[in-house]
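One file, structure29.cif, is given below (mmCIF, C-alpha atoms).
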```cif
data_upload
loop_
_atom_site.label_atom_id
_atom_site.label_comp_id
_atom_site.auth_asym_id
_atom_site.auth_seq_id
_atom_site.Cartn_x
_atom_site.Cartn_y
_atom_site.Cartn_z
CA MET G 1 43.19 -5.07 2.99
CA ASN G 2 45.03 -8.20 4.12
CA ALA G 3 42.50 -10.95 4.89
CA GLU G 4 45.18 -13.16 6.41
CA LEU G 5 46.10 -10.50 8.98
CA ILE G 6 42.42 -9.79 9.68
CA ARG G 7 41.80 -13.50 10.17
CA GLU G 8 44.34 -13.47 13.02
CA GLN G 9 41.97 -11.29 15.01
CA PHE G 10 39.21 -13.93 15.07
CA PRO G 11 40.05 -16.57 17.70
CA ILE G 12 37.31 -19.01 16.65
CA LEU G 13 38.80 -19.44 13.18
CA HIS G 14 41.97 -21.02 14.57
CA GLN G 15 40.65 -24.47 15.27
CA GLU G 16 40.25 -27.81 13.56
CA ILE G 17 36.91 -29.38 12.68
CA ASN G 18 36.98 -33.13 12.16
CA GLY G 19 40.74 -33.00 11.86
CA HIS G 20 40.81 -30.21 9.28
CA PRO G 21 41.45 -26.45 9.64
CA LEU G 22 38.11 -24.66 9.84
CA VAL G 23 36.88 -22.90 6.70
CA TYR G 24 33.92 -20.79 7.81
CA LEU G 25 31.59 -19.95 4.91
CA ASP G 26 28.35 -19.15 6.75
CA SER G 27 28.70 -15.45 7.55
CA ALA G 28 25.33 -14.60 5.99
CA ALA G 29 23.80 -16.58 8.86
CA THR G 30 26.10 -15.04 11.48
CA SER G 31 29.59 -13.59 11.36
CA GLN G 32 32.44 -14.44 13.69
CA LYS G 33 33.59 -11.95 16.32
CA PRO G 34 37.03 -10.28 16.52
CA ARG G 35 39.00 -9.88 19.73
CA ALA G 36 38.14 -6.17 19.82
CA VAL G 37 34.46 -6.99 20.23
CA LEU G 38 35.07 -9.82 22.69
CA ASP G 39 37.31 -7.52 24.75
CA ALA G 40 34.67 -4.76 24.74
CA LEU G 41 32.06 -7.17 26.14
CA LYS G 42 34.48 -8.45 28.77
CA HIS G 43 35.41 -4.91 29.80
CA TYR G 44 31.77 -3.88 30.17
CA TYR G 45 30.87 -6.84 32.35
CA GLU G 46 34.03 -6.59 34.46
CA TRP G 47 34.18 -2.80 34.91
CA GLU G 48 30.96 -1.04 33.88
CA ASN G 49 28.08 -3.48 34.38
CA SER G 50 25.08 -1.43 35.47
CA ASN G 51 21.68 -0.40 34.20
CA VAL G 52 21.49 2.71 32.03
CA HIS G 53 19.62 6.02 32.30
CA ARG G 54 18.67 5.33 35.93
CA GLY G 55 21.52 5.39 38.41
CA VAL G 56 23.57 8.48 39.23
CA HIS G 57 26.43 6.37 40.54
CA THR G 58 29.69 5.98 38.62
CA LEU G 59 28.98 2.57 37.08
CA GLY G 60 25.57 3.73 35.89
CA SER G 61 27.08 6.81 34.29
CA ARG G 62 29.78 4.77 32.57
CA ALA G 63 27.27 2.25 31.22
CA THR G 64 24.96 5.02 29.98
CA ASP G 65 27.81 6.83 28.25
CA ALA G 66 28.93 3.60 26.53
CA TYR G 67 25.38 2.68 25.50
CA GLU G 68 24.51 6.09 24.09
CA GLY G 69 27.98 6.35 22.57
CA ALA G 70 27.20 3.21 20.60
CA ARG G 71 24.02 4.86 19.30
CA GLU G 72 26.09 7.79 18.05
CA LYS G 73 28.46 5.37 16.29
CA VAL G 74 25.53 3.65 14.56
CA ALA G 75 24.08 6.97 13.40
CA ARG G 76 27.39 7.99 11.84
CA PHE G 77 27.97 4.52 10.38
CA ILE G 78 24.74 4.51 8.37
CA GLY G 79 24.60 8.26 7.71
CA ALA G 80 21.54 9.06 9.81
CA ALA G 81 20.76 12.74 10.32
CA ARG G 82 20.41 12.42 14.12
CA THR G 83 20.80 9.90 16.91
CA GLN G 84 17.08 10.08 17.75
CA GLU G 85 16.48 8.12 14.54
CA ILE G 86 18.38 5.07 15.86
CA ILE G 87 16.31 2.54 17.80
CA PHE G 88 18.09 -0.43 19.36
CA THR G 89 16.17 -3.67 18.88
CA ARG G 90 16.81 -7.41 19.12
CA GLY G 91 17.62 -7.67 15.41
CA THR G 92 16.34 -7.21 11.86
CA THR G 93 13.28 -9.36 12.51
CA THR G 94 12.21 -7.26 15.49
CA SER G 95 12.88 -4.02 13.60
CA LEU G 96 10.74 -5.02 10.61
CA ASN G 97 7.96 -6.29 12.85
CA MET G 98 8.06 -2.98 14.71
CA VAL G 99 7.42 -1.07 11.49
CA ALA G 100 4.63 -3.45 10.48
CA SER G 101 2.99 -3.27 13.92
CA ALA G 102 3.56 0.36 14.94
CA TYR G 103 3.41 2.13 11.57
CA GLY G 104 1.37 -0.12 9.28
CA PRO G 105 -2.04 -0.16 11.00
CA ALA G 106 -2.05 3.64 11.28
CA VAL G 107 -1.70 4.20 7.52
CA LEU G 108 -3.35 1.17 5.92
CA GLN G 109 -6.98 0.50 5.24
CA GLU G 110 -8.88 -1.95 3.08
CA GLY G 111 -7.89 -1.63 -0.58
CA ASP G 112 -4.46 -0.15 0.09
CA GLU G 113 -1.32 -1.98 -1.07
CA ILE G 114 1.91 -3.32 0.39
CA VAL G 115 4.61 -4.12 -2.20
CA ILE G 116 7.48 -6.57 -1.65
CA THR G 117 9.34 -9.14 -3.82
CA PRO G 118 9.41 -12.97 -3.94
CA MET G 119 13.08 -12.93 -2.81
CA GLU G 120 12.32 -11.60 0.67
CA HIS G 121 13.48 -13.33 3.84
CA HIS G 122 10.52 -14.52 5.89
CA SER G 123 11.26 -11.66 8.32
CA ASN G 124 10.38 -9.22 5.54
CA LEU G 125 7.44 -11.21 4.23
CA ILE G 126 5.37 -12.67 7.06
CA PRO G 127 4.91 -9.34 8.95
CA TRP G 128 3.44 -7.83 5.78
CA GLN G 129 1.26 -10.91 5.17
CA GLN G 130 -0.15 -10.55 8.67
CA LEU G 131 -0.60 -6.79 8.30
CA ALA G 132 -2.47 -7.30 5.03
CA ILE G 133 -4.76 -9.85 6.68
CA ARG G 134 -5.48 -7.53 9.62
CA THR G 135 -6.13 -4.40 7.55
CA GLY G 136 -7.63 -5.76 4.33
CA ALA G 137 -4.74 -4.34 2.32
CA ALA G 138 -3.48 -6.14 -0.78
CA LEU G 139 -0.01 -7.72 -0.73
CA LYS G 140 1.68 -7.36 -4.13
CA TYR G 141 4.97 -8.66 -5.51
CA ILE G 142 7.40 -7.10 -7.97
CA PRO G 143 8.25 -10.03 -10.30
CA LEU G 144 11.80 -11.32 -10.65
CA GLN G 145 13.84 -11.46 -13.82
CA PRO G 146 15.26 -14.89 -14.86
CA ASP G 147 18.57 -14.15 -13.07
CA GLY G 148 16.80 -13.05 -9.88
CA ASN G 149 17.17 -9.30 -10.33
CA ILE G 150 14.20 -6.94 -10.38
CA ALA G 151 13.56 -4.51 -13.22
CA LEU G 152 12.60 -0.93 -12.43
CA GLU G 153 9.94 -1.02 -15.14
CA ASP G 154 8.28 -3.89 -13.25
CA ALA G 155 8.46 -1.85 -10.06
CA GLU G 156 6.81 1.07 -11.88
CA LYS G 157 3.94 -1.20 -12.89
CA THR G 158 3.52 -2.78 -9.43
CA ILE G 159 3.73 0.34 -7.24
CA THR G 160 0.61 2.50 -7.60
CA ASP G 161 -1.14 5.40 -5.88
CA ARG G 162 -2.82 2.80 -3.62
CA THR G 163 0.58 1.60 -2.39
CA LYS G 164 1.37 2.75 1.14
CA ILE G 165 4.43 0.60 1.99
CA VAL G 166 7.25 -0.81 -0.16
CA SER G 167 9.61 -3.16 1.69
CA ILE G 168 12.59 -4.80 -0.01
CA ALA G 169 15.88 -6.44 0.92
CA HIS G 170 18.91 -4.35 0.03
CA VAL G 171 20.76 -7.61 -0.70
CA SER G 172 19.11 -11.01 -1.15
CA ASN G 173 20.31 -13.62 1.35
CA VAL G 174 19.91 -16.32 -1.34
CA LEU G 175 20.56 -14.76 -4.74
CA GLY G 176 23.18 -12.23 -3.70
CA VAL G 177 21.58 -9.54 -5.87
CA VAL G 178 21.91 -5.91 -4.78
CA ASN G 179 18.55 -4.25 -5.24
CA PRO G 180 18.27 -0.64 -6.48
CA VAL G 181 16.67 0.66 -3.29
CA LYS G 182 17.45 4.31 -4.00
CA GLU G 183 15.55 4.17 -7.28
CA LEU G 184 12.78 2.12 -5.68
CA ALA G 185 12.49 4.72 -2.91
CA GLU G 186 12.05 7.43 -5.55
CA ILE G 187 9.24 5.44 -7.19
CA ALA G 188 7.60 4.75 -3.82
CA HIS G 189 7.76 8.40 -2.76
CA ARG G 190 6.32 9.54 -6.08
CA HIS G 191 3.22 7.51 -5.21
CA GLY G 192 3.12 8.64 -1.57
CA ALA G 193 4.42 5.37 -0.13
CA VAL G 194 7.21 4.82 2.40
CA MET G 195 10.31 2.75 1.62
CA VAL G 196 11.38 0.08 4.12
CA VAL G 197 14.75 -1.62 3.60
CA ASP G 198 15.94 -4.93 5.05
CA GLY G 199 19.64 -4.20 5.40
CA ALA G 200 20.67 -7.42 7.15
CA GLN G 201 22.86 -8.56 4.24
CA SER G 202 24.11 -5.16 3.07
CA THR G 203 25.18 -3.26 6.19
CA PRO G 204 28.05 -5.67 7.04
CA HIS G 205 29.47 -5.67 3.52
CA MET G 206 29.24 -2.21 1.95
CA LYS G 207 29.04 1.45 2.82
CA VAL G 208 25.44 2.45 3.59
CA ASN G 209 24.05 5.98 3.79
CA VAL G 210 20.35 6.04 4.61
CA GLN G 211 20.01 9.69 3.63
CA GLU G 212 21.48 9.03 0.19
CA LEU G 213 19.21 6.01 -0.24
CA ASP G 214 16.32 8.19 1.00
CA CYS G 215 14.69 5.19 2.64
CA ASP G 216 12.15 5.85 5.38
CA PHE G 217 13.03 2.84 7.53
CA TYR G 218 16.17 0.69 7.51
CA ALA G 219 16.69 -2.46 9.59
CA PHE G 220 19.81 -4.53 10.29
CA SER G 221 21.36 -6.95 12.80
CA GLY G 222 24.61 -6.70 14.71
CA HIS G 223 25.52 -10.39 14.68
CA LYS G 224 26.06 -10.41 10.91
CA MET G 225 28.61 -7.59 11.18
CA CYS G 226 31.01 -8.88 13.87
CA ALA G 227 28.84 -7.77 16.81
CA PRO G 228 27.10 -9.97 19.40
CA THR G 229 23.80 -11.76 18.82
CA GLY G 230 20.64 -10.17 20.18
CA ILE G 231 21.31 -6.58 19.07
CA GLY G 232 19.86 -4.85 16.04
CA VAL G 233 18.85 -1.44 14.77
CA LEU G 234 15.79 0.21 13.34
CA TYR G 235 16.51 3.51 11.62
CA GLY G 236 13.48 5.64 10.90
CA LYS G 237 13.03 9.19 9.70
CA LYS G 238 12.32 11.33 12.74
CA HIS G 239 8.87 12.55 11.72
CA LEU G 240 7.71 8.98 11.03
CA LEU G 241 9.01 7.63 14.35
CA GLU G 242 7.36 10.53 16.17
CA SER G 243 4.02 9.66 14.55
CA MET G 244 4.20 6.03 15.73
CA GLU G 245 2.95 4.65 19.03
CA PRO G 246 5.16 2.26 21.02
CA ILE G 247 4.28 -1.42 20.89
CA GLU G 248 6.11 -2.40 24.08
CA PHE G 249 5.26 -0.74 27.37
CA GLY G 250 6.91 -0.65 30.80
CA GLY G 251 9.91 0.95 32.41
CA GLU G 252 12.36 3.27 30.66
CA MET G 253 10.01 4.33 27.86
CA ILE G 254 7.64 6.45 29.95
CA ASP G 255 7.54 10.15 30.73
CA ASP G 256 4.70 10.25 33.25
CA VAL G 257 2.46 7.43 34.49
CA GLY G 258 -0.95 8.00 36.05
CA LEU G 259 -3.53 5.51 37.21
CA TYR G 260 -5.48 5.63 33.94
CA GLU G 261 -3.15 7.11 31.34
CA SER G 262 0.53 7.62 30.61
CA THR G 263 2.82 9.63 28.36
CA TRP G 264 5.98 8.52 26.61
CA LYS G 265 9.58 9.66 26.52
CA GLU G 266 10.90 11.39 23.43
CA LEU G 267 12.79 9.55 20.71
CA PRO G 268 14.51 7.16 20.68
CA TRP G 269 13.71 5.93 24.19
CA LYS G 270 9.94 5.61 23.77
CA PHE G 271 10.64 2.48 21.67
CA GLU G 272 13.14 0.95 24.13
CA GLY G 273 11.02 -0.26 27.03
CA GLY G 274 12.63 -2.17 29.89
CA THR G 275 16.31 -2.76 30.44
CA PRO G 276 17.83 -2.40 26.97
CA ILE G 277 20.41 -4.64 25.32
CA ILE G 278 23.29 -2.76 26.91
CA ALA G 279 26.19 -5.14 26.32
CA GLY G 280 24.97 -5.88 22.80
CA ALA G 281 24.89 -2.19 21.90
CA ILE G 282 28.39 -1.69 23.32
CA GLY G 283 29.57 -4.72 21.33
CA LEU G 284 27.96 -3.28 18.20
CA GLY G 285 29.79 -0.03 18.75
CA ALA G 286 33.08 -1.94 19.04
CA ALA G 287 32.27 -3.87 15.84
CA ILE G 288 31.64 -0.61 13.99
CA ASP G 289 35.01 0.72 15.18
CA PHE G 290 36.65 -2.49 13.95
CA LEU G 291 34.97 -2.39 10.52
CA GLN G 292 35.65 1.30 9.99
CA GLU G 293 39.31 0.87 10.85
CA ILE G 294 39.55 -1.59 7.95
CA GLY G 295 37.24 0.50 5.75
CA MET G 296 33.88 -0.49 4.31
CA ASP G 297 35.04 0.24 0.76
CA ALA G 298 38.03 -2.08 1.25
CA ILE G 299 35.77 -4.80 2.64
CA HIS G 300 33.39 -4.46 -0.30
CA GLN G 301 36.21 -4.59 -2.84
CA HIS G 302 37.68 -7.67 -1.16
CA GLU G 303 34.34 -9.47 -1.22
CA THR G 304 33.59 -8.51 -4.81
CA LYS G 305 36.97 -9.93 -5.86
CA LEU G 306 36.33 -13.12 -3.86
CA ALA G 307 32.83 -13.45 -5.34
CA LYS G 308 34.25 -13.29 -8.86
CA TYR G 309 36.87 -15.92 -7.99
CA ALA G 310 34.31 -18.18 -6.31
CA THR G 311 31.82 -17.89 -9.18
CA ALA G 312 34.48 -18.97 -11.66
CA LYS G 313 35.71 -21.77 -9.40
CA LEU G 314 32.29 -23.27 -8.71
CA SER G 315 31.23 -22.91 -12.35
CA GLU G 316 34.00 -25.35 -13.26
CA ILE G 317 32.36 -28.14 -11.24
CA GLU G 318 30.28 -30.34 -13.50
CA GLY G 319 26.74 -30.86 -12.27
CA LEU G 320 26.73 -27.79 -10.00
CA THR G 321 23.86 -25.32 -10.49
CA LEU G 322 24.65 -21.80 -9.33
CA TYR G 323 21.66 -19.54 -8.65
CA GLY G 324 21.49 -15.78 -9.15
CA PRO G 325 23.43 -13.46 -11.43
CA ARG G 326 26.92 -14.43 -12.58
CA GLU G 327 28.17 -10.90 -11.91
CA ARG G 328 27.73 -10.22 -8.21
CA GLU G 329 28.99 -7.59 -5.79
CA VAL G 330 28.67 -9.63 -2.59
CA GLY G 331 30.32 -12.88 -1.59
CA LEU G 332 27.22 -15.02 -1.39
CA LEU G 333 26.82 -18.10 -3.61
CA THR G 334 23.81 -20.40 -3.52
CA PHE G 335 23.94 -23.68 -5.41
CA ASN G 336 22.89 -27.30 -5.73
CA LEU G 337 25.16 -30.21 -6.63
CA GLN G 338 23.58 -32.71 -9.02
CA ASP G 339 20.74 -34.54 -7.28
CA ILE G 340 22.49 -34.65 -3.90
CA HIS G 341 20.37 -33.12 -1.14
CA PRO G 342 21.90 -29.87 0.17
CA HIS G 343 21.88 -31.21 3.73
CA ASP G 344 23.97 -34.15 2.59
CA VAL G 345 26.34 -31.79 0.78
CA ALA G 346 26.74 -29.66 3.92
CA THR G 347 27.29 -32.74 6.08
CA VAL G 348 30.04 -34.12 3.85
CA LEU G 349 31.67 -30.68 3.62
CA ASP G 350 31.65 -30.40 7.40
CA ALA G 351 33.60 -33.66 7.55
CA SER G 352 36.32 -31.75 5.66
CA GLY G 353 36.12 -28.75 8.01
CA VAL G 354 34.13 -26.57 5.56
CA ALA G 355 31.08 -24.89 7.12
CA ILE G 356 28.26 -23.86 4.76
CA ARG G 357 24.51 -23.42 5.12
CA ALA G 358 21.86 -25.76 3.70
CA GLY G 359 18.08 -25.42 3.64
CA HIS G 360 15.47 -22.96 2.40
CA HIS G 361 17.27 -20.01 4.09
CA CYS G 362 13.96 -18.61 5.41
CA CYS G 363 12.93 -17.97 1.79
CA GLN G 364 10.40 -20.68 0.91
CA PRO G 365 8.56 -18.62 -1.77
CA LEU G 366 11.91 -17.97 -3.45
CA MET G 367 12.78 -21.68 -3.29
CA ARG G 368 9.56 -22.43 -5.17
CA TRP G 369 10.48 -19.79 -7.75
CA LEU G 370 13.87 -21.52 -8.12
CA GLU G 371 12.04 -24.87 -8.34
CA ALA G 372 14.18 -26.22 -5.52
CA SER G 373 13.07 -27.47 -2.11
CA ALA G 374 16.41 -26.38 -0.62
CA THR G 375 19.84 -25.16 -1.63
CA ALA G 376 23.38 -24.99 -0.28
CA ARG G 377 24.91 -21.58 0.41
CA ALA G 378 28.48 -20.41 0.88
CA SER G 379 28.78 -16.86 2.20
CA LEU G 380 32.04 -14.92 2.49
CA TYR G 381 33.26 -12.12 4.70
CA LEU G 382 36.32 -10.01 5.33
CA TYR G 383 38.26 -12.90 6.93
CA ASN G 384 37.87 -15.28 3.96
CA THR G 385 40.51 -15.90 1.29
CA GLU G 386 40.87 -17.54 -2.11
CA GLN G 387 42.32 -20.54 -0.29
CA ASP G 388 39.00 -20.96 1.52
CA ILE G 389 37.23 -21.08 -1.84
CA ASP G 390 39.74 -23.62 -3.13
CA ARG G 391 39.00 -25.79 -0.09
CA LEU G 392 35.27 -25.47 -0.81
CA ALA G 393 35.69 -26.48 -4.45
CA GLU G 394 37.88 -29.45 -3.52
CA ALA G 395 35.36 -30.62 -0.93
CA LEU G 396 32.50 -30.34 -3.43
CA VAL G 397 34.37 -32.50 -5.94
CA GLN G 398 35.01 -35.04 -3.17
CA THR G 399 31.30 -34.92 -2.31
CA LYS G 400 30.42 -35.82 -5.88
CA GLU G 401 32.82 -38.74 -5.75
CA TYR G 402 31.46 -39.85 -2.38
CA PHE G 403 27.92 -40.06 -3.75
CA GLY G 404 29.13 -41.70 -6.94
#
```
Re-express the file's structure as structure tokens.
Amino acid sequence: MNAELIREQFPILHQEINGHPLVYLDSAATSQKPRAVLDALKHYYEWENSNVHRGVHTLGSRATDAYEGAREKVARFIGAARTQEIIFTRGTTTSLNMVASAYGPAVLQEGDEIVITPMEHHSNLIPWQQLAIRTGAALKYIPLQPDGNIALEDAEKTITDRTKIVSIAHVSNVLGVVNPVKELAEIAHRHGAVMVVDGAQSTPHMKVNVQELDCDFYAFSGHKMCAPTGIGVLYGKKHLLESMEPIEFGGEMIDDVGLYESTWKELPWKFEGGTPIIAGAIGLGAAIDFLQEIGMDAIHQHETKLAKYATAKLSEIEGLTLYGPREREVGLLTFNLQDIHPHDVATVLDASGVAIRAGHHCCQPLMRWLEASATARASLYLYNTEQDIDRLAEALVQTKEYFG
């Protein structure tokens, strides 16, 4: 793939920040949007804007076809067996909370176990904390190796016959490690537990097949994969989704409503109460078309190559601490520069037109494990180049000089 040509399709990247060409290195927080996605949103609002599943008029039919067509694209994109297993949500956070709220209480009782890791984003940690408090279940953690990876032998020791839910990030948003979710799912299933995967940082960057992973639930967000904000997906195996009760009630999700009781629509609509995120779903469908035209394998290879280059480049900077494994498959590098606060690093970099993230990255337990209150993070995507990394390295050296 040619990152320079791809970059041409992202209007926002062609601007100057503080007098310098923009180098955007914060795609793990949110990706930029190509013209194809922007055009799809514009077309919907100018030509098809209508509510779905309700009207028999032409605009309603067009909107419904586009909305449900996007669901079909998502199902194919992640290798789901059927479209009924694709629930549109507001994002990864909503999807994970839905599993914790709609599935968890039905299967957990006091003394049961929920297993996660210390590297989890707060979205995949706090819902399980709250579920454990409500049900009396125990929350357990698979320990991390010194480089941030998890060892399957540790997972074997942590997951037991009392474990009912295992929930783990496919890719850490801080360490950049790719977790062995297929093997973890096998361990979980051997003990009768379900496997939940936070796919927010994997779906945009590599080919994902939920049937091959054999996960029971898989959550991801559109805005990290070139789609609009406010749209996400919860994949769930059909029999599990059918066993769950909705947690949001109102229009669209009902079959029949009486004065004292009601029944629900079939999957997937029983979990999509109210007017759904129509434009967001259409934008997500356009983003999937865009990514598949390039090829997920090509995107992954590009990022792996960039990650190797960036790791070598940043490792040359004296006083820079790089967290996570040195060999990484995804273009995500978290670091600290001497004793300079990460917010100060990010501020000085922004003065040079280089956009990175600074803070605890919604991973405070992991920050404590790293013995750091905060870190800086540069995250790459399909539109980044080696020149962007060179600009980052140059700006970091200038930051060191600035702070003496």
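Nearest residue to Trp47 in chain G among G:Glu401, G:Lys157, G:Glu266, G:Ser61 is G:Ser61, counting all atoms listed in the file.
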Inset, instruction - Return as a ChimeraX atom specification the set of residues that the PyMOL selection byres ((chain G and resi 188-204) around 6) yields on the displayed structure. - result: /G:161,163-171,185-187,205-206,215-221,225
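The space between CA of Leu241 in chain G and CA of Trp269 in chain G spans 11.0 Å.
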Inset, instruction - Find the distance between CA of Thr94 in chain G and CA of Val208 in chain G and write it in Å to one decimal. - result: 20.3 Å
Inset, instruction - Could you tell me which of G:Asn49, G:Asn209, G:Gln387, G:Thr160 comes closest to Lys313 in chain G if we count only C-alpha atoms? - result: G:Gln387
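For range 247-264 of chain G, the residues within 8 Å (counting all atoms listed in the file, excluding itself and residues fewer than 6 positions away along the chain) are His53, Met98, Ser101, Ala102, Lys270, Phe271, Glu272, Gly273, Gly274 and Thr275 of chain G.
Picture a line from CA of Val178 in chain G to CA of Tyr141 in chain G; it runs 17.2 Å.
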Inset, instruction - Rank nothing, just name the residue among G:Leu25, G:Ala81, G:Ala138, G:Leu333 nearest to Lys238 in chain G, using only C-alpha atoms. - result: G:Ala81
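Applied to the file shown here, the PyMOL selection byres ((chain G and resi 278) around 8) selects the residues G:Asn51, G:Val52, G:Ala63, G:Tyr67, G:Thr275, G:Pro276, G:Ile277, G:Ala279, G:Gly280, G:Ala281, G:Ile282.
Distance check against Gly148 in chain G using only C-alpha atoms: of G:Arg328, G:Lys400, G:His57, G:His343, the minimum falls on G:Arg328.
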Legend entry - Residues near His121 in chain G, cut-off 9 Å, only C-alpha atoms, skip fewer than 5 positions along chain, as a list in words: Ile126, Ala169, Ser172, Asn173, Val174, Asp198, His361, Cys362, Cys363, Gln364 and Leu366 of chain G
Inset, instruction - Could you give me, as a PyMOL selection string, the residues within 7 Å of range 316-325 of chain G, counting all atoms listed in the file and dropping anything in the same chain fewer than 4 positions from it? - result: chain G and resi 147-148+175-176+312+334-338
Write out as lines of an AutoDock Vina configuration file an axis-aligned box for range 212-218 of chain G: all of its atoms listed in the file, 5 Å added on each side, centre and edge lengths in Å with one decimal.
```
center_x = 16.8
center_y = 4.9
center_z = 3.6
size_x = 19.3
size_y = 18.3
size_z = 17.8
```
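Minimum distance to Arg35 in chain G across G:Val348, G:Ile17, G:Ala227, G:Leu306 (counting only C-alpha atoms) occurs at G:Ala227.
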Inset, instruction - May I have the protein, DNA and RNA residues with an atom at most 12 Å from (33.7, -5.9, -4.6), counting all atoms listed in the file in the file's coordinates, returned as a ChimeraX atom specification? - result: /G:178,205-207,296-309,327-332,380-382
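Nearest to Thr30 in chain G of all the residues G:Arg357, G:Arg326, G:His239, G:Lys224 is G:Lys224, counting only C-alpha atoms.
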